[in-house]
$ cat target-v6.json   # JSON, C-alpha atoms
[["chain", "number", "residue", "atom", "x", "y", "z"],
["W", 288, "MET", "CA", 11.97, -10.14, -139.88],
["W", 289, "ALA", "CA", 13.69, -9.44, -136.56],
["W", 290, "LEU", "CA", 15.02, -5.99, -135.75],
["W", 291, "LEU", "CA", 18.51, -7.49, -135.65],
["W", 292, "PRO", "CA", 19.12, -10.99, -137.01],
["W", 293, "TYR", "CA", 20.37, -13.36, -134.34],
["W", 294, "ALA", "CA", 23.46, -14.22, -136.37],
["W", 295, "LEU", "CA", 24.53, -10.57, -136.10],
["W", 296, "ALA", "CA", 23.45, -10.10, -132.47],
["W", 297, "ARG", "CA", 25.06, -13.30, -131.19],
["W", 298, "PRO", "CA", 28.72, -12.17, -131.22],
["W", 299, "PHE", "CA", 27.78, -9.04, -129.26],
["W", 300, "LEU", "CA", 25.66, -10.92, -126.73],
["W", 301, "PHE", "CA", 28.26, -13.67, -126.26],
["W", 302, "GLY", "CA", 30.87, -11.00, -125.63],
["W", 303, "LEU", "CA", 28.94, -10.04, -122.51],
["W", 304, "ASP", "CA", 28.50, -11.79, -119.21],
["W", 305, "PRO", "CA", 25.56, -14.19, -119.78],
["W", 306, "GLU", "CA", 23.37, -12.61, -117.12],
["W", 307, "ARG", "CA", 24.10, -9.13, -118.49],
["W", 308, "ALA", "CA", 23.12, -10.31, -121.98],
["W", 309, "HIS", "CA", 19.89, -11.73, -120.57],
["W", 310, "ASP", "CA", 19.03, -8.49, -118.76],
["W", 311, "LEU", "CA", 19.76, -6.35, -121.81],
["W", 312, "THR", "CA", 17.59, -8.52, -124.04],
["W", 313, "LEU", "CA", 14.65, -8.36, -121.65],
["W", 314, "ALA", "CA", 15.08, -4.61, -121.24],
["W", 315, "ALA", "CA", 15.01, -4.17, -125.01],
["W", 316, "LEU", "CA", 11.89, -6.31, -125.31],
["W", 317, "ALA", "CA", 10.17, -4.38, -122.51],
["W", 318, "GLY", "CA", 11.04, -1.15, -124.29],
["W", 319, "VAL", "CA", 9.41, -2.08, -127.60],
["W", 320, "GLN", "CA", 6.45, -4.21, -126.49],
["W", 321, "TYR", "CA", 3.97, -1.32, -126.55],
["W", 322, "THR", "CA", 5.37, 0.37, -129.65],
["W", 323, "PRO", "CA", 5.01, -0.30, -133.39],
["W", 324, "LEU", "CA", 8.53, -1.77, -133.32],
["W", 325, "LEU", "CA", 7.07, -4.92, -131.78],
["W", 326, "GLN", "CA", 5.69, -5.84, -135.20],
["W", 327, "ALA", "CA", 9.25, -6.49, -136.34],
["W", 328, "ILE", "CA", 9.43, -9.58, -134.11],
["W", 329, "ALA", "CA", 5.73, -10.48, -133.96],
["W", 330, "ARG", "CA", 4.55, -13.85, -135.23],
["W", 331, "PRO", "CA", 0.95, -15.03, -135.64],
["W", 332, "ARG", "CA", -0.28, -17.32, -132.90],
["W", 333, "VAL", "CA", -1.06, -20.78, -134.21],
["W", 334, "HIS", "CA", -4.62, -21.78, -133.38],
["W", 335, "ASP", "CA", -4.41, -25.39, -132.22],
["W", 336, "PRO", "CA", -6.38, -25.41, -128.96],
["W", 337, "VAL", "CA", -6.10, -28.04, -126.28],
["W", 338, "ARG", "CA", -8.07, -28.28, -123.04],
["W", 339, "LEU", "CA", -6.15, -29.15, -119.89],
["W", 340, "ALA", "CA", -6.96, -28.80, -116.18],
["W", 341, "GLY", "CA", -10.11, -26.91, -117.03],
["W", 342, "LEU", "CA", -8.23, -24.36, -119.15],
["W", 343, "GLU", "CA", -8.39, -23.80, -122.90],
["W", 344, "PHE", "CA", -4.85, -23.34, -124.23],
["W", 345, "PRO", "CA", -4.67, -21.64, -127.67],
["W", 346, "ASN", "CA", -1.81, -23.95, -128.63],
["W", 347, "ARG", "CA", 0.68, -26.32, -127.07],
["W", 348, "ILE", "CA", 3.72, -24.05, -127.14],
["W", 349, "GLY", "CA", 4.35, -22.14, -123.93],
["W", 350, "LEU", "CA", 7.11, -20.27, -122.17],
["W", 351, "ALA", "CA", 8.30, -21.59, -118.82],
["W", 352, "ALA", "CA", 8.90, -19.51, -115.71],
["W", 353, "GLY", "CA", 12.40, -18.22, -115.01],
["W", 354, "LEU", "CA", 13.00, -16.23, -118.18],
["W", 355, "ASP", "CA", 10.88, -13.23, -117.16],
["W", 356, "LYS", "CA", 11.02, -13.32, -113.38],
["W", 357, "ASN", "CA", 9.32, -9.95, -112.87],
["W", 358, "GLY", "CA", 6.64, -10.22, -115.55],
["W", 359, "ARG", "CA", 8.02, -7.21, -117.41],
["W", 360, "CYS", "CA", 7.76, -8.61, -120.94],
["W", 361, "ILE", "CA", 4.54, -10.63, -121.01],
["W", 362, "ASP", "CA", 3.07, -8.88, -124.05],
["W", 363, "GLY", "CA", 6.39, -8.74, -125.87],
["W", 364, "LEU", "CA", 6.82, -12.49, -125.41],
["W", 365, "ALA", "CA", 3.18, -13.09, -126.34],
["W", 366, "ALA", "CA", 3.78, -11.42, -129.70],
["W", 367, "MET", "CA", 6.08, -14.33, -130.60],
["W", 368, "GLY", "CA", 3.09, -16.67, -130.76],
["W", 369, "PHE", "CA", 3.09, -18.47, -127.41],
["W", 370, "GLY", "CA", -0.21, -20.04, -126.41],
["W", 371, "PHE", "CA", 0.63, -19.75, -122.72],
["W", 372, "ILE", "CA", 3.26, -17.94, -120.70],
["W", 373, "GLU", "CA", 4.42, -18.51, -117.13],
["W", 374, "VAL", "CA", 6.32, -15.75, -115.33],
["W", 375, "GLY", "CA", 8.15, -15.67, -112.00],
["W", 376, "THR", "CA", 9.25, -17.08, -109.67],
["W", 377, "VAL", "CA", 8.11, -14.18, -107.49],
["W", 378, "THR", "CA", 8.63, -13.95, -103.74],
["W", 379, "PRO", "CA", 6.70, -11.70, -101.34],
["W", 380, "ARG", "CA", 9.67, -9.38, -100.76],
["W", 381, "PRO", "CA", 12.34, -8.26, -103.24],
["W", 382, "GLN", "CA", 15.59, -10.18, -103.06],
["W", 383, "PRO", "CA", 18.86, -10.08, -105.02],
["W", 384, "GLY", "CA", 19.34, -13.83, -105.42],
["W", 385, "ASN", "CA", 22.64, -15.65, -105.20],
["W", 386, "PRO", "CA", 26.10, -14.02, -105.50],
["W", 387, "LYS", "CA", 27.46, -13.47, -109.01],
["W", 388, "PRO", "CA", 28.61, -15.05, -111.25],
["W", 389, "ARG", "CA", 25.59, -17.32, -111.25],
["W", 390, "VAL", "CA", 24.85, -17.98, -114.94],
["W", 391, "PHE", "CA", 27.31, -20.03, -117.03],
["W", 392, "ARG", "CA", 27.30, -20.67, -120.78],
["W", 393, "LEU", "CA", 27.87, -24.08, -122.35],
["W", 394, "PRO", "CA", 28.13, -23.02, -126.03],
["W", 395, "GLN", "CA", 28.76, -26.44, -127.56],
["W", 396, "ALA", "CA", 25.73, -27.84, -125.75],
["W", 397, "ARG", "CA", 23.68, -24.73, -126.59],
["W", 398, "ALA", "CA", 22.81, -24.53, -122.91],
["W", 399, "LEU", "CA", 23.15, -22.49, -119.71],
["W", 400, "ILE", "CA", 23.65, -23.35, -116.07],
["W", 401, "ASN", "CA", 21.42, -21.11, -113.96],
["W", 402, "ARG", "CA", 22.00, -20.47, -110.26],
["W", 403, "LEU", "CA", 20.12, -17.20, -109.94],
["W", 404, "GLY", "CA", 18.27, -18.03, -106.74],
["W", 405, "PHE", "CA", 14.81, -16.42, -107.11],
["W", 406, "ASN", "CA", 16.18, -12.94, -107.78],
["W", 407, "ASN", "CA", 13.15, -10.69, -108.30],
["W", 408, "GLU", "CA", 11.69, -7.26, -107.50],
["W", 409, "GLY", "CA", 9.05, -8.58, -105.13],
["W", 410, "LEU", "CA", 5.30, -9.17, -105.23],
["W", 411, "ALA", "CA", 4.11, -5.57, -105.53],
["W", 412, "ALA", "CA", 6.22, -4.82, -108.63],
["W", 413, "PHE", "CA", 5.38, -8.22, -110.13],
["W", 414, "VAL", "CA", 1.62, -7.74, -109.78],
["W", 415, "ALA", "CA", 1.83, -4.22, -111.23],
["W", 416, "ASN", "CA", 3.58, -5.61, -114.32],
["W", 417, "VAL", "CA", 1.08, -8.45, -114.67],
["W", 418, "ARG", "CA", -1.88, -6.09, -114.42],
["W", 419, "ARG", "CA", -0.52, -4.01, -117.31],
["W", 420, "ALA", "CA", -0.25, -7.01, -119.61],
["W", 421, "ARG", "CA", -2.93, -7.57, -122.27],
["W", 422, "PHE", "CA", -2.06, -11.21, -122.95],
["W", 423, "ARG", "CA", -4.98, -12.73, -121.04],
["W", 424, "ALA", "CA", -7.47, -10.33, -122.62],
["W", 425, "GLY", "CA", -6.25, -11.54, -126.01],
["W", 426, "GLY", "CA", -6.98, -15.17, -125.20],
["W", 427, "GLY", "CA", -3.61, -16.30, -123.86],
["W", 428, "VAL", "CA", -3.22, -18.42, -120.73],
["W", 429, "LEU", "CA", -1.05, -16.83, -118.04],
["W", 430, "GLY", "CA", 0.60, -18.80, -115.25],
["W", 431, "LEU", "CA", 2.19, -17.14, -112.23],
["W", 432, "ASN", "CA", 4.95, -18.93, -110.33],
["W", 433, "ILE", "CA", 5.38, -18.28, -106.59],
["W", 434, "GLY", "CA", 8.16, -19.08, -104.12],
["W", 435, "LYS", "CA", 9.56, -18.24, -100.70],
["W", 436, "ASN", "CA", 12.15, -15.64, -99.77],
["W", 437, "ALA", "CA", 15.59, -16.99, -98.97],
["W", 438, "SER", "CA", 15.55, -15.09, -95.67],
["W", 439, "THR", "CA", 12.34, -16.79, -94.52],
["W", 440, "PRO", "CA", 13.01, -19.77, -92.23],
["W", 441, "ILE", "CA", 11.86, -22.99, -93.84],
["W", 442, "GLU", "CA", 9.42, -23.61, -90.99],
["W", 443, "ASP", "CA", 7.67, -20.34, -91.94],
["W", 444, "ALA", "CA", 7.68, -21.00, -95.67],
["W", 445, "ALA", "CA", 3.91, -21.47, -95.87],
["W", 446, "GLN", "CA", 3.39, -17.82, -94.89],
["W", 447, "ASP", "CA", 5.41, -16.68, -97.91],
["W", 448, "TYR", "CA", 3.47, -18.92, -100.27],
["W", 449, "LEU", "CA", 0.15, -17.74, -98.83],
["W", 450, "ALA", "CA", 1.14, -14.09, -99.18],
["W", 451, "ALA", "CA", 2.21, -14.66, -102.76],
["W", 452, "LEU", "CA", -0.98, -16.57, -103.58],
["W", 453, "GLU", "CA", -3.07, -13.70, -102.17],
["W", 454, "GLY", "CA", -1.29, -11.26, -104.46],
["W", 455, "VAL", "CA", -1.34, -13.21, -107.71],
["W", 456, "TYR", "CA", -4.67, -15.03, -107.45],
["W", 457, "PRO", "CA", -6.89, -12.45, -109.24],
["W", 458, "HIS", "CA", -4.45, -12.11, -112.15],
["W", 459, "ALA", "CA", -3.57, -15.73, -113.03],
["W", 460, "ASP", "CA", -5.13, -18.49, -115.07],
["W", 461, "TYR", "CA", -3.10, -20.92, -112.97],
["W", 462, "VAL", "CA", -0.54, -20.70, -110.17],
["W", 463, "THR", "CA", 2.61, -22.80, -109.84],
["W", 464, "VAL", "CA", 3.99, -23.41, -106.35],
["W", 465, "ASN", "CA", 7.75, -23.70, -106.75],
["W", 466, "ILE", "CA", 9.21, -26.11, -104.20],
["W", 467, "SER", "CA", 11.96, -27.46, -106.43],
["W", 468, "SER", "CA", 14.66, -24.85, -106.94],
["W", 469, "PRO", "CA", 18.09, -26.16, -105.89],
["W", 470, "ASN", "CA", 19.28, -22.56, -105.65],
["W", 471, "THR", "CA", 17.30, -21.72, -102.49],
["W", 472, "ALA", "CA", 18.62, -23.34, -99.33],
["W", 473, "HIS", "CA", 16.43, -26.08, -97.83],
["W", 474, "LEU", "CA", 13.59, -25.42, -100.29],
["W", 475, "ARG", "CA", 13.39, -29.04, -101.39],
["W", 476, "SER", "CA", 12.77, -30.12, -97.81],
["W", 477, "LEU", "CA", 9.21, -28.94, -98.48],
["W", 478, "GLN", "CA", 8.80, -32.06, -100.63],
["W", 479, "ALA", "CA", 8.96, -34.23, -97.52],
["W", 480, "GLU", "CA", 5.58, -35.82, -96.89],
["W", 481, "ALA", "CA", 4.61, -33.99, -93.70],
["W", 482, "ALA", "CA", 5.89, -30.62, -94.93],
["W", 483, "LEU", "CA", 4.15, -30.93, -98.30],
["W", 484, "ASP", "CA", 0.88, -32.02, -96.69],
["W", 485, "ALA", "CA", 0.94, -28.99, -94.40],
["W", 486, "LEU", "CA", 1.80, -26.57, -97.21],
["W", 487, "LEU", "CA", -0.87, -27.93, -99.54],
["W", 488, "ALA", "CA", -3.52, -27.89, -96.85],
["W", 489, "ALA", "CA", -2.80, -24.23, -96.13],
["W", 490, "LEU", "CA", -2.81, -23.30, -99.81],
["W", 491, "LEU", "CA", -6.03, -25.18, -100.55],
["W", 492, "GLU", "CA", -7.78, -23.51, -97.66],
["W", 493, "ARG", "CA", -6.62, -20.07, -98.78],
["W", 494, "ARG", "CA", -7.55, -20.83, -102.37],
["W", 495, "ALA", "CA", -11.13, -21.62, -101.32],
["W", 496, "ARG", "CA", -11.36, -18.30, -99.48],
["W", 497, "LEU", "CA", -9.95, -16.38, -102.43],
["W", 498, "ALA", "CA", -12.34, -18.14, -104.81],
["W", 499, "ALA", "CA", -15.28, -16.99, -102.70],
["W", 500, "VAL", "CA", -14.00, -13.40, -102.61],
["W", 501, "HIS", "CA", -13.24, -13.22, -106.32],
["W", 502, "GLY", "CA", -16.43, -14.96, -107.40],
["W", 503, "SER", "CA", -15.10, -18.07, -109.12],
["W", 504, "GLY", "CA", -18.08, -20.00, -107.83],
["W", 505, "SER", "CA", -16.95, -23.58, -107.38],
["W", 506, "GLY", "CA", -13.62, -22.62, -105.86],
["W", 507, "ARG", "CA", -11.72, -24.69, -108.41],
["W", 508, "TYR", "CA", -8.60, -22.74, -109.26],
["W", 509, "PRO", "CA", -5.90, -24.52, -111.23],
["W", 510, "GLY", "CA", -2.71, -24.77, -109.22],
["W", 511, "HIS", "CA", 0.28, -27.02, -109.72],
["W", 512, "GLY", "CA", 3.33, -27.91, -107.71],
["W", 513, "ARG", "CA", 6.75, -27.82, -109.30],
["W", 514, "PRO", "CA", 8.67, -30.75, -107.79],
["W", 515, "ALA", "CA", 12.36, -31.37, -108.20],
["W", 516, "GLY", "CA", 13.35, -32.53, -111.68],
["W", 517, "ARG", "CA", 16.01, -34.91, -110.44],
["W", 518, "GLY", "CA", 17.46, -36.20, -107.20],
["W", 519, "SER", "CA", 14.13, -37.52, -105.92],
["W", 520, "ARG", "CA", 12.30, -40.83, -106.37],
["W", 521, "ARG", "CA", 8.91, -39.26, -106.08],
["W", 522, "CYS", "CA", 7.05, -37.17, -108.57],
["W", 523, "ALA", "CA", 4.02, -34.96, -108.23],
["W", 524, "GLN", "CA", 0.98, -34.90, -110.42],
["W", 525, "GLY", "CA", -1.07, -31.77, -109.91],
["W", 526, "VAL", "CA", -0.10, -31.37, -106.26],
["W", 527, "GLY", "CA", -1.64, -27.91, -106.20],
["W", 528, "ASP", "CA", -4.89, -28.87, -107.92],
["W", 529, "GLY", "CA", -5.85, -31.96, -106.01],
["W", 530, "GLY", "CA", -3.51, -31.87, -103.05],
["W", 531, "ARG", "CA", -2.43, -35.33, -104.09],
["W", 532, "ARG", "CA", 0.61, -37.27, -103.00],
["W", 533, "ALA", "CA", 2.98, -39.14, -105.24],
["W", 534, "ARG", "CA", 3.99, -42.68, -104.40],
["W", 535, "GLY", "CA", 6.82, -44.14, -106.43],
["W", 536, "SER", "CA", 5.33, -46.74, -108.73],
["W", 537, "ARG", "CA", 7.66, -47.62, -111.52],
["W", 538, "CYS", "CA", 6.98, -47.00, -115.19],
["W", 539, "GLN", "CA", 9.34, -47.65, -118.09],
["W", 540, "GLU", "CA", 11.35, -44.44, -117.90],
["W", 541, "CYS", "CA", 10.76, -43.08, -114.40],
["W", 542, "TYR", "CA", 9.22, -43.39, -111.00],
["W", 543, "CYS", "CA", 5.94, -41.71, -111.76],
["W", 544, "ALA", "CA", 2.82, -41.12, -109.82],
["W", 545, "ARG", "CA", 0.01, -43.34, -108.73],
["W", 546, "LEU", "CA", -1.77, -40.81, -106.58],
["W", 547, "ARG", "CA", -4.50, -40.83, -104.01],
["W", 548, "GLU", "CA", -7.37, -38.66, -105.21],
["W", 549, "ARG", "CA", -8.65, -36.01, -102.85],
["W", 550, "GLU", "CA", -10.58, -33.99, -105.38],
["W", 551, "THR", "CA", -10.37, -34.42, -109.16],
["W", 552, "PRO", "CA", -7.77, -35.63, -111.65],
["W", 553, "SER", "CA", -5.21, -33.08, -112.70],
["W", 554, "SER", "CA", -3.09, -32.64, -115.76],
["W", 555, "ALA", "CA", 0.34, -31.63, -114.48],
["W", 556, "HIS", "CA", 2.77, -34.53, -114.66],
["W", 557, "ALA", "CA", 6.43, -34.32, -113.80],
["W", 558, "CYS", "CA", 8.47, -37.51, -113.59],
["W", 559, "MET", "CA", 11.64, -38.25, -111.69],
["W", 560, "PRO", "CA", 14.61, -40.11, -113.19],
["W", 561, "ARG", "CA", 14.55, -43.87, -112.83],
["W", 562, "ARG", "CA", 16.74, -45.24, -110.07],
["W", 563, "GLY", "CA", 20.28, -45.59, -111.31],
["W", 564, "THR", "CA", 19.76, -43.13, -114.17],
["W", 565, "ARG", "CA", 22.75, -40.83, -114.55],
["W", 566, "SER", "CA", 22.76, -37.28, -115.76],
["W", 567, "ARG", "CA", 23.84, -36.90, -119.37],
["W", 568, "PHE", "CA", 26.08, -34.07, -118.22],
["W", 569, "PRO", "CA", 29.12, -35.48, -116.37],
["W", 570, "PRO", "CA", 29.43, -34.05, -112.82],
["W", 571, "ALA", "CA", 33.03, -32.98, -113.41],
["W", 572, "GLN", "CA", 31.85, -30.62, -116.12],
["W", 573, "ILE", "CA", 29.33, -28.81, -113.90],
["W", 574, "PRO", "CA", 30.81, -25.89, -111.93],
["W", 575, "PRO", "CA", 30.48, -26.33, -108.16],
["W", 576, "ARG", "CA", 28.22, -24.24, -106.00],
["W", 577, "ALA", "CA", 29.58, -21.36, -103.98],
["W", 578, "GLY", "CA", 31.41, -22.50, -100.88],
["W", 579, "THR", "CA", 32.87, -25.64, -102.42],
["W", 580, "THR", "CA", 36.55, -26.14, -103.03],
["W", 581, "ARG", "CA", 36.59, -25.38, -106.77],
["W", 582, "GLU", "CA", 35.63, -21.99, -108.14],
["W", 583, "TYR", "CA", 34.88, -21.34, -111.81],
["W", 584, "SER", "CA", 34.55, -18.22, -113.87],
["W", 585, "PRO", "CA", 32.55, -18.41, -117.12],
["W", 586, "ALA", "CA", 35.81, -18.27, -119.09],
["W", 587, "ARG", "CA", 37.12, -21.37, -117.30],
["W", 588, "LEU", "CA", 33.92, -23.38, -117.58],
["W", 589, "PRO", "CA", 34.72, -26.77, -119.15],
["W", 590, "THR", "CA", 33.25, -27.66, -122.51],
["W", 591, "PRO", "CA", 30.99, -30.74, -122.55],
["W", 592, "GLY", "CA", 32.07, -33.76, -124.52],
["W", 593, "PRO", "CA", 30.42, -34.89, -127.76],
["W", 594, "ASP", "CA", 27.97, -37.17, -125.92],
["W", 595, "ALA", "CA", 26.91, -34.69, -123.27],
["W", 596, "PHE", "CA", 23.60, -33.74, -124.90],
["W", 597, "PRO", "CA", 22.79, -36.14, -127.75],
["W", 598, "ALA", "CA", 19.20, -34.89, -127.99],
["W", 599, "ILE", "CA", 20.36, -31.34, -128.54],
["W", 600, "ARG", "CA", 22.92, -32.46, -131.10],
["W", 601, "THR", "CA", 20.21, -34.37, -132.98],
["W", 602, "LEU", "CA", 17.84, -31.42, -133.04],
["W", 603, "SER", "CA", 20.42, -28.82, -134.02]]

$ encode --input "target-v6.json" --output "structure tokens"
Amino acid sequence: MALLPYALARPFLFGLDPERAHDLTLAALAGVQYTPLLQAIARPRVHDPVRLAGLEFPNRIGLAAGLDKNGRCIDGLAAMGFGFIEVGTVTPRPQPGNPKPRVFRLPQARALINRLGFNNEGLAAFVANVRRARFRAGGGVLGLNIGKNASTPIEDAAQDYLAALEGVYPHADYVTVNISSPNTAHLRSLQAEAALDALLAALLERRARLAAVHGSGSGRYPGHGRPAGRGSRRCAQGVGDGGRRARGSRCQECYCARLRERETPSSAHACMPRRGTRSRFPPAQIPPRAGTTREYSPARLPTPGPDAFPAIRTLS
């Protein structure tokens, strides 16, 4: 049983600014993860292994990057039964992220809008947290997600990714190269063909050097690109692992990848929306970014209509 049932905690948490509630929850989890109190929220990990990209995952349920940006709560989150956990995005230098408010609740949709902007404590603090974690030693798969600092010119972005890869390489089961965040200016320009080719070439070369130093033998280190989830007609399939390029060949639900092989097949597969597909969340209901003509506070955020998220309504 949880320390505090969610039904009791929810009114308190929803009375706070959403980002403040998030920070308090992570701080509480970090505070109990190495104490007997963790047993109050612990759940057994389901053993249902699957092999993917050369890695053995204990089960198919994982936690995506973005929740624990600094890797503070890896073992606390692991106690909930996840087979794999990805933390970050981390940048080489600490940065505060975008101006507040930058997280908005959509209660009826059971959702959040996140415009944090890679806020994190930097690579040194991130690696120190990761090294303390026992998750990998216990058989879990740990992914580390890397990005560029907002202050780094886009033409120098590769240097940030290389620095981050150097720092996280010895401590990760796989590395995700985040080139998709809409909250970092010009980041998605790295998905242009020439820019992506240059970035991948630099990362693959550095990965080979790191593999030799750290004794991984063949130099095969799982790495995946995180392309944009919408707004692009291309998708990437294992861009980090094989350095492969997506060409938009149409499948039933999306423009997905038919990729030139440079090395070996990879498992990561992210598909873009089919041409003409519209977001299920009407644009008028999404608060504008800073600098646009309309400004929203969380209290004024519009409530989505009954058809905004039919999948969520069905699952609830």

$ residues_around --input "target-v6.json" --residues "W:Thr376" --least-positions-apart "3" --cutoff "7 Å" --atoms "only C-alpha atoms" --output "PyMOL selection string"
chain W and resi 352-353+356+405+432-434

$ atom_distance --input "target-v6.json" --atom1 "atom CA of W:Phe391" --atom2 "atom CA of W:Arg297"
15.8 Å

$ atom_distance --input "target-v6.json" --atom1 "atom CA of W:Arg419" --atom2 "atom CA of W:Val464"
22.7 Å

$ closest_residue --input "target-v6.json" --among "W:Leu483, W:Leu354, W:Leu291, W:Ala437" --to "W:Pro383" --atoms "all atoms listed in the file"
W:Ala437

$ residues_around --input "target-v6.json" --residues "W:Thr471" --least-positions-apart "3" --cutoff "10 Å" --atoms "all atoms listed in the file" --output "VMD selection string"
chain W and resid 384 to 385 402 to 405 434 to 438 466 to 468 474 to 475

$ write_last_selection --input "target-v6.json" --atoms "C-alpha atoms" --output "PDB file, in the coordinates of the input"
ATOM      1  CA  GLY W 384      19.340 -13.830-105.420  1.00  0.00           C
ATOM      2  CA  ASN W 385      22.640 -15.650-105.200  1.00  0.00           C
ATOM      3  CA  ARG W 402      22.000 -20.470-110.260  1.00  0.00           C
ATOM      4  CA  LEU W 403      20.120 -17.200-109.940  1.00  0.00           C
ATOM      5  CA  GLY W 404      18.270 -18.030-106.740  1.00  0.00           C
ATOM      6  CA  PHE W 405      14.810 -16.420-107.110  1.00  0.00           C
ATOM      7  CA  GLY W 434       8.160 -19.080-104.120  1.00  0.00           C
ATOM      8  CA  LYS W 435       9.560 -18.240-100.700  1.00  0.00           C
ATOM      9  CA  ASN W 436      12.150 -15.640 -99.770  1.00  0.00           C
ATOM     10  CA  ALA W 437      15.590 -16.990 -98.970  1.00  0.00           C
ATOM     11  CA  SER W 438      15.550 -15.090 -95.670  1.00  0.00           C
ATOM     12  CA  ILE W 466       9.210 -26.110-104.200  1.00  0.00           C
ATOM     13  CA  SER W 467      11.960 -27.460-106.430  1.00  0.00           C
ATOM     14  CA  SER W 468      14.660 -24.850-106.940  1.00  0.00           C
ATOM     15  CA  LEU W 474      13.590 -25.420-100.290  1.00  0.00           C
ATOM     16  CA  ARG W 475      13.390 -29.040-101.390  1.00  0.00           C
TER      17      ARG W 475
END

$ closest_residue --input "target-v6.json" --among "W:Asp362, W:Asp443, W:Val377, W:Ala472" --to "W:Thr322" --atoms "all atoms listed in the file"
W:Asp362

$ closest_residue --input "target-v6.json" --among "W:Tyr448, W:Phe371, W:Leu497, W:Arg307" --to "W:Lys387" --atoms "only C-alpha atoms"
W:Arg307

$ closest_residue --input "target-v6.json" --among "W:Leu364, W:Val428, W:Val390, W:Ala479" --to "W:His309" --atoms "only C-alpha atoms"
W:Val390

$ atom_distance --input "target-v6.json" --atom1 "atom CA of W:Tyr456" --atom2 "atom CA of W:Phe413"
12.4 Å

$ residues_near_point --input "target-v6.json" --point "(26.9, -16.4, -119.5)" --cutoff "12 Å" --atoms "all atoms listed in the file" --output "PDB file with C-alpha atoms, in the frame of the given file"
ATOM      1  CA  LEU W 300      25.660 -10.920-126.730  1.00  0.00           C
ATOM      2  CA  PHE W 301      28.260 -13.670-126.260  1.00  0.00           C
ATOM      3  CA  GLY W 302      30.870 -11.000-125.630  1.00  0.00           C
ATOM      4  CA  LEU W 303      28.940 -10.040-122.510  1.00  0.00           C
ATOM      5  CA  ASP W 304      28.500 -11.790-119.210  1.00  0.00           C
ATOM      6  CA  PRO W 305      25.560 -14.190-119.780  1.00  0.00           C
ATOM      7  CA  GLU W 306      23.370 -12.610-117.120  1.00  0.00           C
ATOM      8  CA  ARG W 307      24.100  -9.130-118.490  1.00  0.00           C
ATOM      9  CA  ALA W 308      23.120 -10.310-121.980  1.00  0.00           C
ATOM     10  CA  HIS W 309      19.890 -11.730-120.570  1.00  0.00           C
ATOM     11  CA  ASP W 310      19.030  -8.490-118.760  1.00  0.00           C
ATOM     12  CA  LYS W 387      27.460 -13.470-109.010  1.00  0.00           C
ATOM     13  CA  PRO W 388      28.610 -15.050-111.250  1.00  0.00           C
ATOM     14  CA  ARG W 389      25.590 -17.320-111.250  1.00  0.00           C
ATOM     15  CA  VAL W 390      24.850 -17.980-114.940  1.00  0.00           C
ATOM     16  CA  PHE W 391      27.310 -20.030-117.030  1.00  0.00           C
ATOM     17  CA  ARG W 392      27.300 -20.670-120.780  1.00  0.00           C
ATOM     18  CA  LEU W 393      27.870 -24.080-122.350  1.00  0.00           C
ATOM     19  CA  PRO W 394      28.130 -23.020-126.030  1.00  0.00           C
ATOM     20  CA  ARG W 397      23.680 -24.730-126.590  1.00  0.00           C
ATOM     21  CA  ALA W 398      22.810 -24.530-122.910  1.00  0.00           C
ATOM     22  CA  LEU W 399      23.150 -22.490-119.710  1.00  0.00           C
ATOM     23  CA  ILE W 400      23.650 -23.350-116.070  1.00  0.00           C
ATOM     24  CA  ASN W 401      21.420 -21.110-113.960  1.00  0.00           C
ATOM     25  CA  ARG W 402      22.000 -20.470-110.260  1.00  0.00           C
ATOM     26  CA  LEU W 403      20.120 -17.200-109.940  1.00  0.00           C
ATOM     27  CA  SER W 584      34.550 -18.220-113.870  1.00  0.00           C
ATOM     28  CA  PRO W 585      32.550 -18.410-117.120  1.00  0.00           C
ATOM     29  CA  ALA W 586      35.810 -18.270-119.090  1.00  0.00           C
ATOM     30  CA  ARG W 587      37.120 -21.370-117.300  1.00  0.00           C
ATOM     31  CA  LEU W 588      33.920 -23.380-117.580  1.00  0.00           C
TER      32      LEU W 588
END

$ closest_residue --input "target-v6.json" --among "W:Leu324, W:Ala315, W:Leu431, W:Val337" --to "W:Leu350" --atoms "all atoms listed in the file"
W:Leu431

$ residues_around --input "target-v6.json" --residues "W:Ala314" --least-positions-apart "3" --cutoff "12 Å" --atoms "only C-alpha atoms" --output "number ranges by chain"
W: 307-311, 317-320, 355, 357-360, 363

$ decode --input "target-v6.json" --residues "stretch 404-421 of chain W" --atoms "C-alpha atoms" --output "PDB file, in the first residue's frame"
ATOM      1  CA  GLY W 404      13.096  23.260 -22.083  1.00  0.00           C
ATOM      2  CA  PHE W 405      15.812  20.814 -20.938  1.00  0.00           C
ATOM      3  CA  ASN W 406      16.038  22.245 -17.425  1.00  0.00           C
ATOM      4  CA  ASN W 407      18.670  20.178 -15.598  1.00  0.00           C
ATOM      5  CA  GLU W 408      21.618  20.382 -13.194  1.00  0.00           C
ATOM      6  CA  GLY W 409      24.220  19.536 -15.812  1.00  0.00           C
ATOM      7  CA  LEU W 410      26.319  16.520 -16.740  1.00  0.00           C
ATOM      8  CA  ALA W 411      28.491  16.284 -13.622  1.00  0.00           C
ATOM      9  CA  ALA W 412      25.528  16.143 -11.209  1.00  0.00           C
ATOM     10  CA  PHE W 413      23.638  13.795 -13.537  1.00  0.00           C
ATOM     11  CA  VAL W 414      26.496  11.288 -13.760  1.00  0.00           C
ATOM     12  CA  ALA W 415      27.009  11.388  -9.986  1.00  0.00           C
ATOM     13  CA  ASN W 416      23.339  10.476  -9.478  1.00  0.00           C
ATOM     14  CA  VAL W 417      23.490   7.712 -12.080  1.00  0.00           C
ATOM     15  CA  ARG W 418      26.596   6.192 -10.519  1.00  0.00           C
ATOM     16  CA  ARG W 419      24.836   5.922  -7.151  1.00  0.00           C
ATOM     17  CA  ALA W 420      21.912   4.010  -8.607  1.00  0.00           C
ATOM     18  CA  ARG W 421      21.736   0.223  -8.141  1.00  0.00           C
TER      19      ARG W 421
END
